[in-house]
Amino acid sequence: MTTRRIHFAHANGFPSLTYTKLFSLLEPEFAIGYLEKHAHNPDYPVTDNWKHLAHELGDEIAERYTEPVIGVGHSLGGVLHLLASFDRPELFSAIVLLDAPIISPASSFGLKVLKTTGLLKRYPPASTTRFRRRSFGSREEAREYFRSKPRFDAFDPDVLEDYLDHGLTTFDGGIRPTFEPEIEAKIYTTIPTDLPALKGRLKVKTFYIGGTDSYEARLARLGFMKRNFPIEFRFIEGSHLFPLESPNLTALTIKDLLI
């Protein structure tokens, strides 16, 4: 069997190697490539509607591969693959969106109002990101802190250890996040609100895998995406972060769609 190439893009705040277990479960059927950390290259700054971040992903794929790839992206990463495919469809043979919904016109309008008034930064997750704890005295202290947080309590144990390995870094004897909290918050406050206008521009075969308990998908009003885009949908048990909660089931579902 010929090994196919996946280029993976991560969710906001979770560097790509947080998904090491998912990658291992997709191999050897797929060769996995990725950019370790999006949004931290000053040549591709975080701006409204994530235009530069989509260009960063497109440029990375164009420079790295000689043939079209399967773009797999979780949340932020899925939307970036989608945006890149609108401009450069020749880069992709297919796209798999992991709980990365195209928001409805109604949700888009609400977000635009919150952006214009500056209120979006006062709502979660942007507001909670700004005030999240930024340093720990040890790995054990960090582990206990994250285990106590609702966002992390359902994580696969191996994935949590990978996050501790790759989502944190040592400094001056302590530990802090490798993903800058200010950048993470800015990504949330610049979320694309122009996606509904892209209806009819999708030219790449696209799949969507969603979490059955995804609050983010409900906010986006996923029904709009189902009605207006030629996408095949699957759902597995879990929240918006299901690839980090259930990497085994996520890998099986991706394989079922692509093989």
# chains A, B, ... in the order shown; residues from 1 in each chain; ligands from 1
call {"tool": "residues_around", "arguments": {"residues": "Ala94 of chain A", "least_positions_apart": "5", "cutoff": "7 Å", "atoms": "only C-alpha atoms", "output": "JSON list (two decimals) with N, CA and C atoms, in the first residue's frame"}}
result
[["chain", "number", "residue", "atom", "x", "y", "z"],
["A", 70, "ILE", "N", -3.53, 15.50, 2.01],
["A", 70, "ILE", "CA", -4.78, 15.49, 2.76],
["A", 70, "ILE", "C", -4.60, 16.45, 3.92],
["A", 71, "GLY", "N", -5.38, 17.51, 3.95],
["A", 71, "GLY", "CA", -5.30, 18.46, 5.05],
["A", 71, "GLY", "C", -6.23, 18.03, 6.18],
["A", 204, "VAL", "N", -12.59, 21.25, -3.05],
["A", 204, "VAL", "CA", -11.82, 20.10, -2.59],
["A", 204, "VAL", "C", -12.75, 19.16, -1.82],
["A", 205, "LYS", "N", -12.61, 17.86, -2.02],
["A", 205, "LYS", "CA", -13.39, 16.88, -1.27],
["A", 205, "LYS", "C", -13.16, 17.10, 0.22],
["A", 206, "THR", "N", -14.27, 17.27, 0.96],
["A", 206, "THR", "CA", -14.15, 17.66, 2.37],
["A", 206, "THR", "C", -15.01, 16.77, 3.25]]
call {"tool": "residues_around", "arguments": {"residues": "Asp162 of chain A", "least_positions_apart": "2", "cutoff": "12 Å", "atoms": "only C-alpha atoms", "output": "count of residues only"}}
result
24
call {"tool": "closest_residue", "arguments": {"among": "A:Lys115, A:Arg201, A:Lys149, A:Lys37", "to": "Ala84 of chain A", "atoms": "only C-alpha atoms"}}
result
A:Arg201
call {"tool": "closest_residue", "arguments": {"among": "A:Ile61, A:Leu257, A:Leu202, A:Leu76", "to": "Asp99 of chain A", "atoms": "only C-alpha atoms"}}
result
A:Leu76
call {"tool": "select_by_dssp", "arguments": {"residues": "segment 5-92 of chain A", "states": "alpha helix (DSSP H)", "output": "PyMOL selection string"}}
result
chain A and resi 20-26+51-64+76-87
call {"tool": "residues_around", "arguments": {"residues": "Phe233 of chain A", "least_positions_apart": "6", "cutoff": "12 Å", "atoms": "only C-alpha atoms", "output": "number ranges by chain"}}
result
A: 96-101, 205-212, 222-223, 225-227, 253-254, 257
call {"tool": "closest_atom_pairs", "arguments": {"of": "segment 114-183 of chain A", "to": "segment 43-53 of chain A", "cutoff": "12 Å", "atoms": "only C-alpha atoms", "output": "tab-separated table"}}
result
residue	atom	partner	partner_atom	distance
A:Lys115	CA	A:Asp48	CA	9.5
A:Thr116	CA	A:Asp48	CA	11.3
A:Glu182	CA	A:Val46	CA	10.6
A:Ile183	CA	A:Val46	CA	7.5
call {"tool": "write_last_selection", "arguments": {"atoms": "N, CA and C atoms", "output": "PDB file, in the first residue's frame"}}
result
ATOM      1  N   LYS A 115     -17.129  41.944  17.804  1.00  0.00           N
ATOM      2  CA  LYS A 115     -15.822  42.457  17.380  1.00  0.00           C
ATOM      3  C   LYS A 115     -15.832  43.982  17.325  1.00  0.00           C
ATOM      4  N   THR A 116     -16.843  44.527  16.673  1.00  0.00           N
ATOM      5  CA  THR A 116     -16.919  45.973  16.464  1.00  0.00           C
ATOM      6  C   THR A 116     -16.979  46.724  17.779  1.00  0.00           C
ATOM      7  N   GLU A 182      -1.263  35.628  24.930  1.00  0.00           N
ATOM      8  CA  GLU A 182      -1.776  36.805  24.219  1.00  0.00           C
ATOM      9  C   GLU A 182      -2.139  36.454  22.774  1.00  0.00           C
ATOM     10  N   ILE A 183      -1.318  35.608  22.155  1.00  0.00           N
ATOM     11  CA  ILE A 183      -1.605  35.190  20.784  1.00  0.00           C
ATOM     12  C   ILE A 183      -2.832  34.294  20.756  1.00  0.00           C
TER      13      ILE A 183
END
call {"tool": "atom_distance", "arguments": {"atom1": "atom CA of Asp213 of chain A", "atom2": "atom CA of Ala106 of chain A"}}
result
20.9 Å
call {"tool": "select_by_dssp", "arguments": {"residues": "segment 45-170 of chain A", "states": "strand (DSSP E or B)", "output": "list in words"}}
result
Val69, Ile70, Gly71, Val72, Gly73, His74, Phe92, Ser93, Ala94, Ile95, Val96, Leu97, Leu98, Phe136, Leu168, Thr169 and Thr170 of chain A
call {"tool": "residues_around", "arguments": {"residues": "Ser108 of chain A", "least_positions_apart": "2", "cutoff": "9 Å", "atoms": "only C-alpha atoms", "output": "list in words"}}
result
Ile103, Ser104, Pro105, Ala106, Gly110, Leu111, Lys112, Val113, Pro192, Thr193, Asp194, Leu195, Pro196 and Ala220 of chain A
call {"tool": "write_last_selection", "arguments": {"atoms": "N, CA and C atoms", "output": "JSON list (two decimals), in the first residue's frame"}}
result
[["chain", "number", "residue", "atom", "x", "y", "z"],
["A", 103, "ILE", "N", -19.31, 28.83, 10.29],
["A", 103, "ILE", "CA", -20.37, 29.46, 11.07],
["A", 103, "ILE", "C", -21.48, 29.98, 10.17],
["A", 104, "SER", "N", -22.68, 30.04, 10.72],
["A", 104, "SER", "CA", -23.86, 30.48, 9.98],
["A", 104, "SER", "C", -23.88, 31.99, 9.84],
["A", 105, "PRO", "N", -24.72, 32.53, 8.93],
["A", 105, "PRO", "CA", -24.85, 33.99, 8.83],
["A", 105, "PRO", "C", -25.29, 34.63, 10.15],
["A", 106, "ALA", "N", -26.20, 33.98, 10.88],
["A", 106, "ALA", "CA", -26.66, 34.55, 12.14],
["A", 106, "ALA", "C", -25.53, 34.61, 13.16],
["A", 110, "GLY", "N", -23.58, 38.03, 14.80],
["A", 110, "GLY", "CA", -23.38, 38.26, 16.22],
["A", 110, "GLY", "C", -21.92, 38.48, 16.57],
["A", 111, "LEU", "N", -21.03, 37.70, 15.95],
["A", 111, "LEU", "CA", -19.60, 37.86, 16.20],
["A", 111, "LEU", "C", -19.09, 39.20, 15.69],
["A", 112, "LYS", "N", -19.60, 39.64, 14.54],
["A", 112, "LYS", "CA", -19.18, 40.94, 14.00],
["A", 112, "LYS", "C", -19.53, 42.06, 14.96],
["A", 113, "VAL", "N", -20.72, 41.98, 15.54],
["A", 113, "VAL", "CA", -21.14, 43.01, 16.51],
["A", 113, "VAL", "C", -20.20, 43.00, 17.71],
["A", 192, "PRO", "N", -12.81, 34.13, 11.97],
["A", 192, "PRO", "CA", -13.42, 34.54, 10.70],
["A", 192, "PRO", "C", -14.94, 34.68, 10.78],
["A", 193, "THR", "N", -15.42, 35.81, 10.30],
["A", 193, "THR", "CA", -16.86, 36.05, 10.23],
["A", 193, "THR", "C", -17.33, 36.18, 8.78],
["A", 194, "ASP", "N", -16.44, 35.87, 7.84],
["A", 194, "ASP", "CA", -16.80, 35.97, 6.42],
["A", 194, "ASP", "C", -16.99, 34.61, 5.77],
["A", 195, "LEU", "N", -17.00, 33.55, 6.56],
["A", 195, "LEU", "CA", -17.12, 32.21, 6.00],
["A", 195, "LEU", "C", -18.45, 31.96, 5.28],
["A", 196, "PRO", "N", -19.59, 32.47, 5.78],
["A", 196, "PRO", "CA", -20.84, 32.21, 5.07],
["A", 196, "PRO", "C", -20.82, 32.67, 3.61],
["A", 220, "ALA", "N", -21.93, 27.76, 16.42],
["A", 220, "ALA", "CA", -21.74, 28.06, 15.00],
["A", 220, "ALA", "C", -23.00, 27.77, 14.18]]
call {"tool": "residues_around", "arguments": {"residues": "Phe229 of chain A", "least_positions_apart": "5", "cutoff": "9 Å", "atoms": "only C-alpha atoms", "output": "PyMOL selection string"}}
result
chain A and resi 199-200+202+224
call {"tool": "write_last_selection", "arguments": {"atoms": "N, CA and C atoms", "output": "short mmCIF file (atom, residue, chain, number, x, y, z; two decimals), in the first residue's frame"}}
result
data_model
loop_
_atom_site.label_atom_id
_atom_site.label_comp_id
_atom_site.auth_asym_id
_atom_site.auth_seq_id
_atom_site.Cartn_x
_atom_site.Cartn_y
_atom_site.Cartn_z
N LYS A 199 -19.80 30.28 0.41
CA LYS A 199 -20.65 29.21 -0.11
C LYS A 199 -20.50 29.11 -1.63
N GLY A 200 -20.28 27.89 -2.12
CA GLY A 200 -20.11 27.68 -3.55
C GLY A 200 -18.67 27.66 -4.01
N LEU A 202 -16.18 25.86 -2.44
CA LEU A 202 -15.47 24.68 -1.98
C LEU A 202 -15.24 23.73 -3.15
N PHE A 224 -26.38 25.08 9.23
CA PHE A 224 -26.08 25.90 8.05
C PHE A 224 -25.04 25.21 7.18
#
call {"tool": "atom_distance", "arguments": {"atom1": "atom CA of Ser148 of chain A", "atom2": "atom CA of His240 of chain A"}}
result
18.1 Å
call {"tool": "closest_residue", "arguments": {"among": "A:Asn248, A:Ser75, A:Ser214, A:Thr190", "to": "Phe235 of chain A", "atoms": "only C-alpha atoms"}}
result
A:Ser214
call {"tool": "residues_around", "arguments": {"residues": "Tyr34 of chain A", "least_positions_apart": "6", "cutoff": "8 Å", "atoms": "only C-alpha atoms", "output": "MDAnalysis selection string"}}
result
chainID A and resid 7:9 16
call {"tool": "closest_residue", "arguments": {"among": "A:Arg134, A:Arg88, A:Arg147, A:Lys203", "to": "Phe171 of chain A", "atoms": "only C-alpha atoms"}}
result
A:Arg134
call {"tool": "residues_around", "arguments": {"residues": "Pro181 of chain A", "least_positions_apart": "3", "cutoff": "8 Å", "atoms": "only C-alpha atoms", "output": "mmCIF file with C-alpha atoms, in the first residue's frame"}}
result
data_model
loop_
_atom_site.group_PDB
_atom_site.id
_atom_site.type_symbol
_atom_site.label_atom_id
_atom_site.label_comp_id
_atom_site.auth_asym_id
_atom_site.auth_seq_id
_atom_site.Cartn_x
_atom_site.Cartn_y
_atom_site.Cartn_z
ATOM 1 C CA GLY A 13 -3.257 26.712 22.108
ATOM 2 C CA THR A 129 -7.162 32.690 28.153
ATOM 3 C CA ARG A 130 -5.946 36.108 29.232
ATOM 4 C CA ARG A 132 -4.972 31.591 32.730
ATOM 5 C CA PRO A 177 3.131 27.559 28.043
ATOM 6 C CA GLU A 184 -4.088 32.505 21.784
ATOM 7 C CA ALA A 185 -6.534 35.182 22.967
#
call {"tool": "atom_distance", "arguments": {"atom1": "atom CA of Pro124 of chain A", "atom2": "atom CA of Thr170 of chain A"}}
result
27.3 Å
call {"tool": "closest_residue", "arguments": {"among": "A:Tyr215, A:Glu67, A:Glu237, A:Ser85", "to": "Thr250 of chain A", "atoms": "only C-alpha atoms"}}
result
A:Glu237
